[in-house]
file entry.cif (mmCIF, C-alpha atoms)
data_my_file
#
loop_
_atom_site.label_atom_id
_atom_site.label_comp_id
_atom_site.auth_asym_id
_atom_site.auth_seq_id
_atom_site.Cartn_x
_atom_site.Cartn_y
_atom_site.Cartn_z
CA MET A 1063 55.87 26.24 -7.98
CA SER A 1064 59.16 25.66 -6.27
CA ALA A 1065 59.08 22.00 -7.37
CA PHE A 1066 60.01 23.14 -10.86
CA ARG A 1067 62.78 25.46 -9.70
CA ALA A 1068 66.33 24.25 -10.24
CA LYS A 1069 68.26 23.49 -7.06
CA LYS A 1070 71.14 25.61 -8.28
CA LEU A 1071 70.38 28.70 -10.31
CA ASP A 1072 72.15 28.94 -13.63
CA LEU A 1073 70.93 32.42 -14.57
CA GLY A 1074 73.30 35.27 -15.28
CA CYS A 1075 70.72 38.01 -15.86
CA PHE A 1076 68.79 40.26 -13.51
CA LEU A 1077 67.27 38.08 -10.82
CA ASN A 1078 63.98 38.44 -9.09
CA ILE A 1079 61.28 35.91 -8.35
CA LYS A 1080 59.47 36.72 -11.58
CA THR A 1081 62.43 36.00 -13.84
CA ILE A 1082 63.28 32.86 -11.86
CA ARG A 1083 59.67 31.71 -12.14
CA ASP A 1084 59.57 32.41 -15.86
CA HIS A 1085 62.82 30.55 -16.32
CA SER A 1086 61.53 27.49 -14.49
CA LYS A 1087 58.39 27.60 -16.63
CA ARG A 1088 60.53 27.59 -19.75
CA LYS A 1089 62.48 24.61 -18.47
CA ALA A 1090 59.28 22.76 -17.54
CA PHE A 1091 57.81 23.43 -20.97
CA GLU A 1092 60.94 22.17 -22.68
CA ALA A 1093 60.84 18.96 -20.66
CA ALA A 1094 57.16 18.28 -21.37
CA GLU A 1095 56.94 19.52 -24.94
CA THR A 1096 57.13 16.14 -26.69
CA GLN A 1097 54.42 14.72 -24.46
CA ARG A 1098 52.22 17.73 -25.12
CA GLN A 1099 52.71 17.44 -28.86
CA ALA A 1100 51.89 13.73 -28.79
CA LEU A 1101 48.67 14.41 -26.91
CA ARG A 1102 47.84 17.24 -29.29
CA TYR A 1103 48.34 14.88 -32.22
CA ILE A 1104 45.99 12.30 -30.72
CA ILE A 1105 43.37 14.99 -30.14
CA ARG A 1106 43.54 16.33 -33.69
CA ASN A 1107 43.57 12.91 -35.35
CA GLU A 1108 40.01 12.16 -36.47
CA THR A 1109 40.80 8.57 -37.44
CA LEU A 1110 41.31 7.59 -33.80
CA PRO A 1111 38.34 6.51 -31.66
CA ALA A 1112 36.50 9.33 -29.92
CA ARG A 1113 37.17 7.86 -26.50
CA THR A 1114 40.95 7.93 -26.92
CA ARG A 1115 40.79 11.51 -28.13
CA ALA A 1116 38.64 12.57 -25.19
CA GLU A 1117 41.06 10.90 -22.79
CA ALA A 1118 43.96 12.69 -24.43
CA GLN A 1119 42.10 15.98 -24.08
CA LEU A 1120 41.59 15.34 -20.40
CA GLN A 1121 45.21 14.39 -19.93
CA LEU A 1122 46.40 17.53 -21.68
CA THR A 1123 44.22 19.79 -19.58
CA GLN A 1124 45.36 18.06 -16.41
CA MET A 1125 49.03 18.65 -17.05
CA HIS A 1126 50.66 21.20 -14.77
CA CYS A 1127 50.17 24.81 -15.81
CA TYR A 1128 53.96 25.35 -15.79
CA THR A 1129 54.25 23.03 -18.80
CA ARG A 1130 52.02 25.30 -20.92
CA PRO A 1131 53.69 27.50 -23.47
CA THR A 1132 51.20 30.30 -22.86
CA GLN A 1133 52.58 30.72 -19.35
CA ILE A 1134 55.88 31.90 -20.74
CA ARG A 1135 56.40 35.62 -21.04
CA ASN A 1136 59.43 37.42 -22.34
CA ARG A 1137 60.93 39.54 -19.57
CA CYS A 1138 63.63 42.18 -19.54
CA ILE A 1139 66.98 40.58 -18.78
CA LEU A 1140 68.28 43.79 -17.21
CA GLY A 1141 65.36 44.75 -15.00
CA GLY A 1142 62.92 41.86 -15.02
CA LYS A 1143 60.10 44.00 -16.38
CA GLY A 1144 57.32 42.14 -18.17
CA ARG A 1145 55.90 44.92 -20.30
CA GLY A 1146 57.34 46.86 -23.19
CA VAL A 1147 60.07 44.32 -23.78
CA LEU A 1148 61.76 44.51 -27.19
CA ARG A 1149 62.06 40.96 -28.47
CA ASP A 1150 65.22 41.57 -30.50
CA PHE A 1151 67.15 42.96 -27.55
CA LYS A 1152 65.37 41.16 -24.66
CA MET A 1153 65.24 44.51 -22.93
CA SER A 1154 62.47 46.77 -21.73
CA ARG A 1155 62.09 49.93 -23.78
CA TYR A 1156 63.70 52.21 -21.21
CA MET A 1157 66.70 49.93 -20.63
CA PHE A 1158 67.05 49.71 -24.39
CA ARG A 1159 67.02 53.49 -24.71
CA MET A 1160 69.62 53.97 -21.99
CA HIS A 1161 71.98 51.37 -23.40
CA ALA A 1162 71.46 52.44 -26.98
CA LEU A 1163 72.23 56.08 -26.16
CA ALA A 1164 75.32 54.97 -24.24
CA GLY A 1165 76.43 53.00 -27.28
CA ASP A 1166 76.43 49.63 -25.50
CA ILE A 1167 74.31 47.89 -28.13
CA PRO A 1168 76.20 47.20 -31.35
CA GLY A 1169 74.56 48.38 -34.54
CA VAL A 1170 72.04 50.64 -32.87
CA LYS A 1171 72.09 54.35 -33.57
CA LYS A 1172 69.67 57.15 -32.90
CA ALA A 1173 67.95 58.14 -36.10
CA SER A 1174 68.48 61.67 -37.31
CA TRP A 1175 67.89 63.15 -40.76
CA MET B 145 29.68 15.42 -70.31
CA SER B 146 30.43 14.73 -66.67
CA VAL B 147 33.35 12.61 -65.52
CA PRO B 148 32.46 9.89 -62.96
CA ARG B 149 33.80 10.48 -59.46
CA ALA B 150 35.63 7.14 -59.35
CA ARG B 151 37.71 8.20 -62.33
CA ILE B 152 38.61 11.53 -60.74
CA LEU B 153 39.61 9.71 -57.57
CA ASP B 154 41.86 7.42 -59.60
CA LEU B 155 43.47 10.45 -61.18
CA MET B 156 43.99 12.00 -57.74
CA LYS B 157 45.54 8.80 -56.46
CA VAL B 158 48.03 8.68 -59.31
CA ARG B 159 48.77 12.37 -58.89
CA CYS B 160 49.51 11.79 -55.20
CA GLN B 161 51.85 8.92 -56.09
CA VAL B 162 53.68 11.01 -58.65
CA PHE B 163 54.14 14.04 -56.43
CA SER B 164 54.43 11.91 -53.27
CA THR B 165 51.67 13.65 -51.32
CA THR B 166 49.11 12.00 -49.07
CA PHE B 167 45.98 10.72 -50.74
CA ASN B 168 43.12 12.00 -48.61
CA PRO B 169 40.04 12.57 -50.78
CA GLU B 170 37.61 13.05 -47.86
CA GLY B 171 39.84 15.67 -46.29
CA ILE B 172 39.98 13.84 -42.94
CA ARG B 173 42.01 15.66 -40.30
CA THR B 174 44.87 13.39 -39.35
CA GLY B 175 46.74 15.79 -37.11
CA ASN B 176 49.90 15.52 -39.17
CA LYS B 177 50.24 19.26 -38.90
CA ILE B 178 51.17 18.77 -35.24
CA LEU B 179 53.86 16.25 -36.13
CA ARG B 180 55.30 18.58 -38.72
CA GLN B 181 55.78 21.39 -36.21
CA ARG B 182 59.25 21.97 -34.87
CA LEU B 183 59.98 21.77 -31.17
CA ARG B 184 60.13 25.24 -29.64
CA GLY B 185 61.41 24.18 -26.23
CA PRO B 186 65.18 24.63 -26.72
CA ALA B 187 64.74 28.08 -28.24
CA LEU B 188 62.41 29.20 -25.46
CA ALA B 189 64.53 27.75 -22.67
CA SER B 190 67.65 29.58 -23.83
CA TYR B 191 66.05 33.02 -23.53
CA TYR B 192 67.81 34.13 -20.37
CA PRO B 193 71.63 34.34 -20.40
CA ARG B 194 73.38 31.67 -18.38
CA LYS B 195 75.72 32.33 -15.49
CA VAL B 196 79.29 33.09 -16.45
CA SER B 197 82.29 32.85 -14.12
CA THR B 198 82.80 35.82 -11.81
CA VAL B 199 85.81 37.31 -10.04
CA ARG B 200 84.85 35.35 -6.96
CA ASP B 201 85.03 32.07 -8.85
CA LEU B 202 88.52 33.03 -10.03
CA GLN B 203 89.58 33.81 -6.47
CA ARG B 204 88.22 30.52 -5.21
CA GLU B 205 89.97 28.68 -8.01
CA PHE B 206 93.35 30.34 -7.40
CA LYS B 207 93.22 30.16 -3.61
CA SER B 208 94.83 26.73 -3.50
CA TRP B 209 97.66 27.99 -5.72
CA GLU B 210 98.27 30.91 -3.32
CA LEU B 211 97.93 33.44 -6.09
CA ILE B 212 96.50 36.88 -5.44
CA THR B 213 93.63 38.17 -7.53
CA ASP B 214 92.28 41.69 -7.69
CA ASP B 215 88.60 42.40 -7.26
CA GLU B 216 88.33 46.12 -7.96
CA GLU B 217 84.72 46.46 -6.91
CA GLN B 218 85.35 44.74 -3.60
CA ASP B 219 88.48 46.84 -2.99
CA ASP B 220 86.56 50.05 -3.72
CA ARG B 221 83.84 49.00 -1.33
CA LEU B 222 86.26 48.18 1.49
CA GLU B 223 88.10 51.46 0.95
CA HIS B 224 84.84 53.39 1.12
CA ILE B 225 83.87 51.63 4.36
CA ALA B 226 87.29 52.30 5.86
CA GLY B 227 86.84 56.00 5.02
CA LEU B 228 83.44 56.05 6.71
CA LYS B 229 84.80 54.35 9.83
CA ALA B 230 87.71 56.83 10.04
CA ARG B 231 85.21 59.67 10.07
CA GLY B 232 83.08 57.86 12.64
CA LYS B 233 80.19 57.45 10.19
CA GLY B 234 80.31 53.69 9.83
CA ALA B 235 77.55 51.26 10.54
CA PRO B 236 77.12 50.40 14.25
CA LYS B 237 78.52 47.15 15.57
CA LYS B 238 76.29 44.15 15.73
CA LYS B 239 74.79 43.53 19.15
CA LYS B 240 75.76 40.40 21.01
CA GLY B 241 73.32 38.58 23.24
CA PRO B 242 69.75 39.52 24.05
CA PRO B 243 68.94 43.20 24.63
CA ALA B 244 69.04 44.36 28.25
CA PRO B 245 65.58 44.82 29.78
CA THR B 246 64.57 48.48 29.70
CA GLU B 247 63.30 50.20 32.82
CA LYS B 248 59.66 51.12 32.88
CA LYS B 249 59.09 54.77 32.30
CA GLY B 250 56.66 56.32 34.71
CA LYS B 251 55.94 59.47 36.69
CA ARG B 252 58.66 60.30 39.16
#
call {"tool": "encode", "arguments": {"input": "entry.cif", "output": "structure tokens"}}
result
Amino acid sequence: MSAFRAKKLDLGCFLNIKTIRDHSKRKAFEAAETQRQALRYIIRNETLPARTRAEAQLQLTQMHCYTRPTQIRNRCILGGKGRGVLRDFKMSRYMFRMHALAGDIPGVKKASW
Amino acid sequence: MSVPRARILDLMKVRCQVFSTTFNPEGIRTGNKILRQRLRGPALASYYPRKVSTVRDLQREFKSWELITDDEEQDDRLEHIAGLKARGKGAPKKKKGPPAPTEKKGKR
């Protein structure tokens, strides 16, 4: 959804529509997180009347899908790939291998014994 | 010898006061677990690296001071293009105006 996209991009990594989209989803989630948590609290609280809880459930499901944390996926910051991304390095496995062998990643060394 | 439930509840109440925990003998779900959770938004939103200043930004900044900045990549590119043009291998010039109508090909 382009409505969530920032007017001026502030990304310094590899850019394609998928990384831009993921970034806007992260921003949208950050903005709506407190509201989501409040609704989640109302839903889980059994001391509240059933009607309020049902309304909160409805409200939570009707929030935009970009505000859901499950929409966020870690992508490679060097190639934008969505699979095989190493969380510690934010890189896909092949990019990681290339950079590690070139010695660009501090503290990483090919094992040999 | 069984202890009455009311007495056990009293004990639980005092225990909760002493250790400052919530007294909830029926085990009702109050959703406090949600309130205890930390917000994950800032950590998630800072996943991608932000834009840092580039050579172009420097050039734009120093233009008003009339200082010269070097952009090696750009210089290399221009040099390469100049080499291509000298050998007559450069990209063709951009056309101006609409294309001229082509004559119909037919049997002579």
call {"tool": "closest_atom_pairs", "arguments": {"input": "entry.cif", "of": "chain A", "to": "chain B", "cutoff": "9 Å", "atoms": "all atoms listed in the file", "output": "tab-separated table"}}
result
residue	atom	partner	partner_atom	distance
A:Leu1071	CA	B:Lys195	CA	8.3
A:Asp1072	CA	B:Lys195	CA	5.3
A:Leu1073	CA	B:Arg194	CA	4.6
A:Gly1074	CA	B:Lys195	CA	3.8
A:Cys1075	CA	B:Pro193	CA	5.9
A:Thr1081	CA	B:Tyr192	CA	8.7
A:His1085	CA	B:Ala189	CA	7.1
A:Ser1086	CA	B:Ala189	CA	8.7
A:Lys1087	CA	B:Ala189	CA	8.6
A:Arg1088	CA	B:Ala189	CA	5.0
A:Lys1089	CA	B:Ala189	CA	5.6
A:Ala1090	CA	B:Ala189	CA	8.9
A:Phe1091	CA	B:Gly185	CA	6.4
A:Glu1092	CA	B:Gly185	CA	4.1
A:Ala1093	CA	B:Gly185	CA	7.7
A:Ala1094	CA	B:Gly185	CA	8.7
A:Glu1095	CA	B:Gly185	CA	6.6
A:Thr1096	CA	B:Leu183	CA	7.7
A:Gln1099	CA	B:Ile178	CA	6.7
A:Ala1100	CA	B:Leu179	CA	8.0
A:Arg1102	CA	B:Ile178	CA	7.0
A:Tyr1103	CA	B:Gly175	CA	5.2
A:Ile1104	CA	B:Gly175	CA	7.3
A:Ile1105	CA	B:Gly175	CA	7.8
A:Arg1106	CA	B:Gly175	CA	4.7
A:Asn1107	CA	B:Thr174	CA	4.2
A:Glu1108	CA	B:Arg173	CA	5.6
A:Thr1109	CA	B:Thr174	CA	6.6
A:Leu1110	CA	B:Thr174	CA	8.8
A:Pro1131	CA	B:Gly185	CA	8.8
A:Ile1134	CA	B:Leu188	CA	8.5
A:Asn1136	CA	B:Tyr191	CA	8.0
A:Arg1137	CA	B:Tyr192	CA	8.8
A:Ile1139	CA	B:Tyr192	CA	6.7
A:Lys1152	CA	B:Tyr191	CA	8.2
call {"tool": "atom_distance", "arguments": {"input": "entry.cif", "atom1": "CA of Ala1162 (chain A)", "atom2": "CA of Lys1143 (chain A)"}}
result
17.7 Å
call {"tool": "atom_distance", "arguments": {"input": "entry.cif", "atom1": "CA of Asp215 (chain B)", "atom2": "CA of Val199 (chain B)"}}
result
6.4 Å
call {"tool": "resolve_selection", "arguments": {"input": "entry.cif", "expression": "the PyMOL selection byres ((chain B and resi 214) around 12)", "output": "number ranges by chain"}}
result
B: 198-200, 202-203, 206, 211-213, 215-220
call {"tool": "atom_distance", "arguments": {"input": "entry.cif", "atom1": "CA of Arg1115 (chain A)", "atom2": "CA of Arg1098 (chain A)"}}
result
13.4 Å
call {"tool": "residues_around", "arguments": {"input": "entry.cif", "residues": "Gly234 (chain B)", "least_positions_apart": "4", "cutoff": "12 Å", "atoms": "all atoms listed in the file", "output": "list in words"}}
result
Leu222, His224, Ile225, Ala226, Gly227, Leu228, Lys229, Ala230 and Lys238 of chain B
call {"tool": "closest_residue", "arguments": {"input": "entry.cif", "among": "A:Arg1130, A:Asp1084, A:Gly1169, A:Gln1119", "to": "Phe1151 (chain A)", "atoms": "only C-alpha atoms"}}
result
A:Gly1169
call {"tool": "axis_aligned_box", "arguments": {"input": "entry.cif", "around": "region 174-191 of chain B", "padding_each_side": "4 Å", "output": "JSON"}}
result
{"center_x": 56.3, "center_y": 23.2, "center_z": -31.0, "size_x": 30.8, "size_y": 27.6, "size_z": 24.7}
call {"tool": "resolve_selection", "arguments": {"input": "entry.cif", "expression": "the PyMOL selection byres ((chain A and resi 1147) around 10)", "output": "VMD selection string"}}
result
chain A and resid 1135 to 1139 1142 to 1146 1148 to 1158
call {"tool": "decode", "arguments": {"input": "entry.cif", "residues": "region 1081-1116 of chain A", "atoms": "N, CA, C and O atoms", "output": "compact mmCIF listing (two decimals), in the first residue's frame"}}
result
# COMPACT_ATOMS: atom_id res chain seq x y z
N THR A 1081 11.86 -4.65 -0.49
CA THR A 1081 12.46 -4.11 0.73
C THR A 1081 11.74 -2.83 1.16
O THR A 1081 11.53 -2.60 2.34
N ILE A 1082 11.34 -2.02 0.18
CA ILE A 1082 10.63 -0.78 0.52
C ILE A 1082 9.30 -1.11 1.20
O ILE A 1082 8.92 -0.53 2.20
N ARG A 1083 8.62 -2.13 0.63
CA ARG A 1083 7.33 -2.55 1.19
C ARG A 1083 7.52 -3.06 2.62
O ARG A 1083 6.77 -2.69 3.53
N ASP A 1084 8.55 -3.89 2.79
CA ASP A 1084 8.78 -4.44 4.13
C ASP A 1084 9.10 -3.33 5.12
O ASP A 1084 8.64 -3.35 6.27
N HIS A 1085 9.87 -2.36 4.64
CA HIS A 1085 10.22 -1.25 5.52
C HIS A 1085 8.98 -0.45 5.91
O HIS A 1085 8.82 -0.09 7.09
N SER A 1086 8.08 -0.21 4.96
CA SER A 1086 6.88 0.55 5.32
C SER A 1086 6.00 -0.25 6.26
O SER A 1086 5.34 0.32 7.13
N LYS A 1087 6.02 -1.59 6.11
CA LYS A 1087 5.25 -2.42 7.05
C LYS A 1087 5.81 -2.30 8.45
O LYS A 1087 5.06 -2.22 9.43
N ARG A 1088 7.13 -2.28 8.54
CA ARG A 1088 7.75 -2.14 9.86
C ARG A 1088 7.37 -0.82 10.50
O ARG A 1088 7.04 -0.75 11.69
N LYS A 1089 7.40 0.24 9.69
CA LYS A 1089 7.04 1.56 10.21
C LYS A 1089 5.58 1.57 10.67
O LYS A 1089 5.26 2.10 11.74
N ALA A 1090 4.71 0.97 9.85
CA ALA A 1090 3.28 0.97 10.18
C ALA A 1090 3.04 0.19 11.46
O ALA A 1090 2.24 0.60 12.31
N PHE A 1091 3.76 -0.93 11.59
CA PHE A 1091 3.60 -1.72 12.82
C PHE A 1091 4.06 -0.93 14.04
O PHE A 1091 3.39 -0.94 15.08
N GLU A 1092 5.16 -0.24 13.90
CA GLU A 1092 5.68 0.54 15.03
C GLU A 1092 4.66 1.60 15.45
O GLU A 1092 4.44 1.83 16.64
N ALA A 1093 4.04 2.23 14.45
CA ALA A 1093 3.08 3.30 14.77
C ALA A 1093 1.84 2.75 15.46
O ALA A 1093 1.26 3.41 16.33
N ALA A 1094 1.42 1.53 15.09
CA ALA A 1094 0.15 1.01 15.59
C ALA A 1094 0.31 0.03 16.73
O ALA A 1094 -0.67 -0.54 17.20
N GLU A 1095 1.56 -0.17 17.19
CA GLU A 1095 1.79 -1.26 18.14
C GLU A 1095 1.04 -1.05 19.46
O GLU A 1095 0.43 -1.98 19.99
N THR A 1096 1.06 0.18 20.00
CA THR A 1096 0.41 0.40 21.29
C THR A 1096 -1.09 0.15 21.20
O THR A 1096 -1.68 -0.45 22.11
N GLN A 1097 -1.67 0.57 20.09
CA GLN A 1097 -3.11 0.34 19.91
C GLN A 1097 -3.41 -1.15 19.85
O GLN A 1097 -4.36 -1.65 20.46
N ARG A 1098 -2.57 -1.87 19.12
CA ARG A 1098 -2.75 -3.32 19.00
C ARG A 1098 -2.64 -3.99 20.36
O ARG A 1098 -3.45 -4.86 20.69
N GLN A 1099 -1.66 -3.58 21.14
CA GLN A 1099 -1.45 -4.19 22.45
C GLN A 1099 -2.63 -3.90 23.37
O GLN A 1099 -3.06 -4.76 24.13
N ALA A 1100 -3.16 -2.67 23.28
CA ALA A 1100 -4.30 -2.32 24.11
C ALA A 1100 -5.50 -3.20 23.77
O ALA A 1100 -6.18 -3.74 24.65
N LEU A 1101 -5.74 -3.37 22.46
CA LEU A 1101 -6.85 -4.22 22.03
C LEU A 1101 -6.64 -5.66 22.48
O LEU A 1101 -7.56 -6.33 22.95
N ARG A 1102 -5.39 -6.11 22.34
CA ARG A 1102 -5.07 -7.48 22.76
C ARG A 1102 -5.32 -7.66 24.25
O ARG A 1102 -5.83 -8.71 24.68
N TYR A 1103 -5.01 -6.63 25.04
CA TYR A 1103 -5.25 -6.70 26.47
C TYR A 1103 -6.74 -6.82 26.76
O TYR A 1103 -7.16 -7.64 27.58
N ILE A 1104 -7.53 -6.01 26.08
CA ILE A 1104 -8.98 -6.05 26.30
C ILE A 1104 -9.52 -7.44 25.94
O ILE A 1104 -10.36 -8.00 26.66
N ILE A 1105 -9.00 -8.01 24.87
CA ILE A 1105 -9.49 -9.31 24.43
C ILE A 1105 -9.16 -10.39 25.46
O ILE A 1105 -9.97 -11.25 25.78
N ARG A 1106 -7.95 -10.34 26.00
CA ARG A 1106 -7.52 -11.39 26.92
C ARG A 1106 -8.09 -11.23 28.32
O ARG A 1106 -8.04 -12.16 29.11
N ASN A 1107 -8.60 -10.03 28.65
CA ASN A 1107 -9.05 -9.78 30.01
C ASN A 1107 -10.45 -10.36 30.22
O ASN A 1107 -11.44 -9.88 29.67
N GLU A 1108 -10.54 -11.41 31.05
CA GLU A 1108 -11.82 -12.09 31.23
C GLU A 1108 -12.75 -11.33 32.18
O GLU A 1108 -13.93 -11.67 32.28
N THR A 1109 -12.24 -10.33 32.89
CA THR A 1109 -13.10 -9.60 33.82
C THR A 1109 -13.94 -8.55 33.10
O THR A 1109 -14.89 -8.03 33.67
N LEU A 1110 -13.60 -8.26 31.85
CA LEU A 1110 -14.38 -7.28 31.09
C LEU A 1110 -15.60 -7.96 30.49
O LEU A 1110 -15.60 -9.17 30.28
N PRO A 1111 -16.67 -7.17 30.23
CA PRO A 1111 -17.87 -7.77 29.63
C PRO A 1111 -17.57 -8.36 28.25
O PRO A 1111 -16.70 -7.88 27.52
N ALA A 1112 -18.30 -9.42 27.94
CA ALA A 1112 -18.06 -10.17 26.70
C ALA A 1112 -18.24 -9.29 25.47
O ALA A 1112 -17.55 -9.46 24.47
N ARG A 1113 -19.17 -8.34 25.57
CA ARG A 1113 -19.45 -7.50 24.41
C ARG A 1113 -18.24 -6.62 24.06
O ARG A 1113 -17.86 -6.51 22.90
N THR A 1114 -17.65 -6.03 25.10
CA THR A 1114 -16.47 -5.18 24.87
C THR A 1114 -15.37 -6.00 24.23
O THR A 1114 -14.69 -5.55 23.30
N ARG A 1115 -15.18 -7.23 24.75
CA ARG A 1115 -14.09 -8.05 24.23
C ARG A 1115 -14.35 -8.43 22.78
O ARG A 1115 -13.43 -8.41 21.95
N ALA A 1116 -15.60 -8.72 22.46
CA ALA A 1116 -15.92 -9.07 21.07
C ALA A 1116 -15.69 -7.88 20.15
O ALA A 1116 -15.16 -8.02 19.04
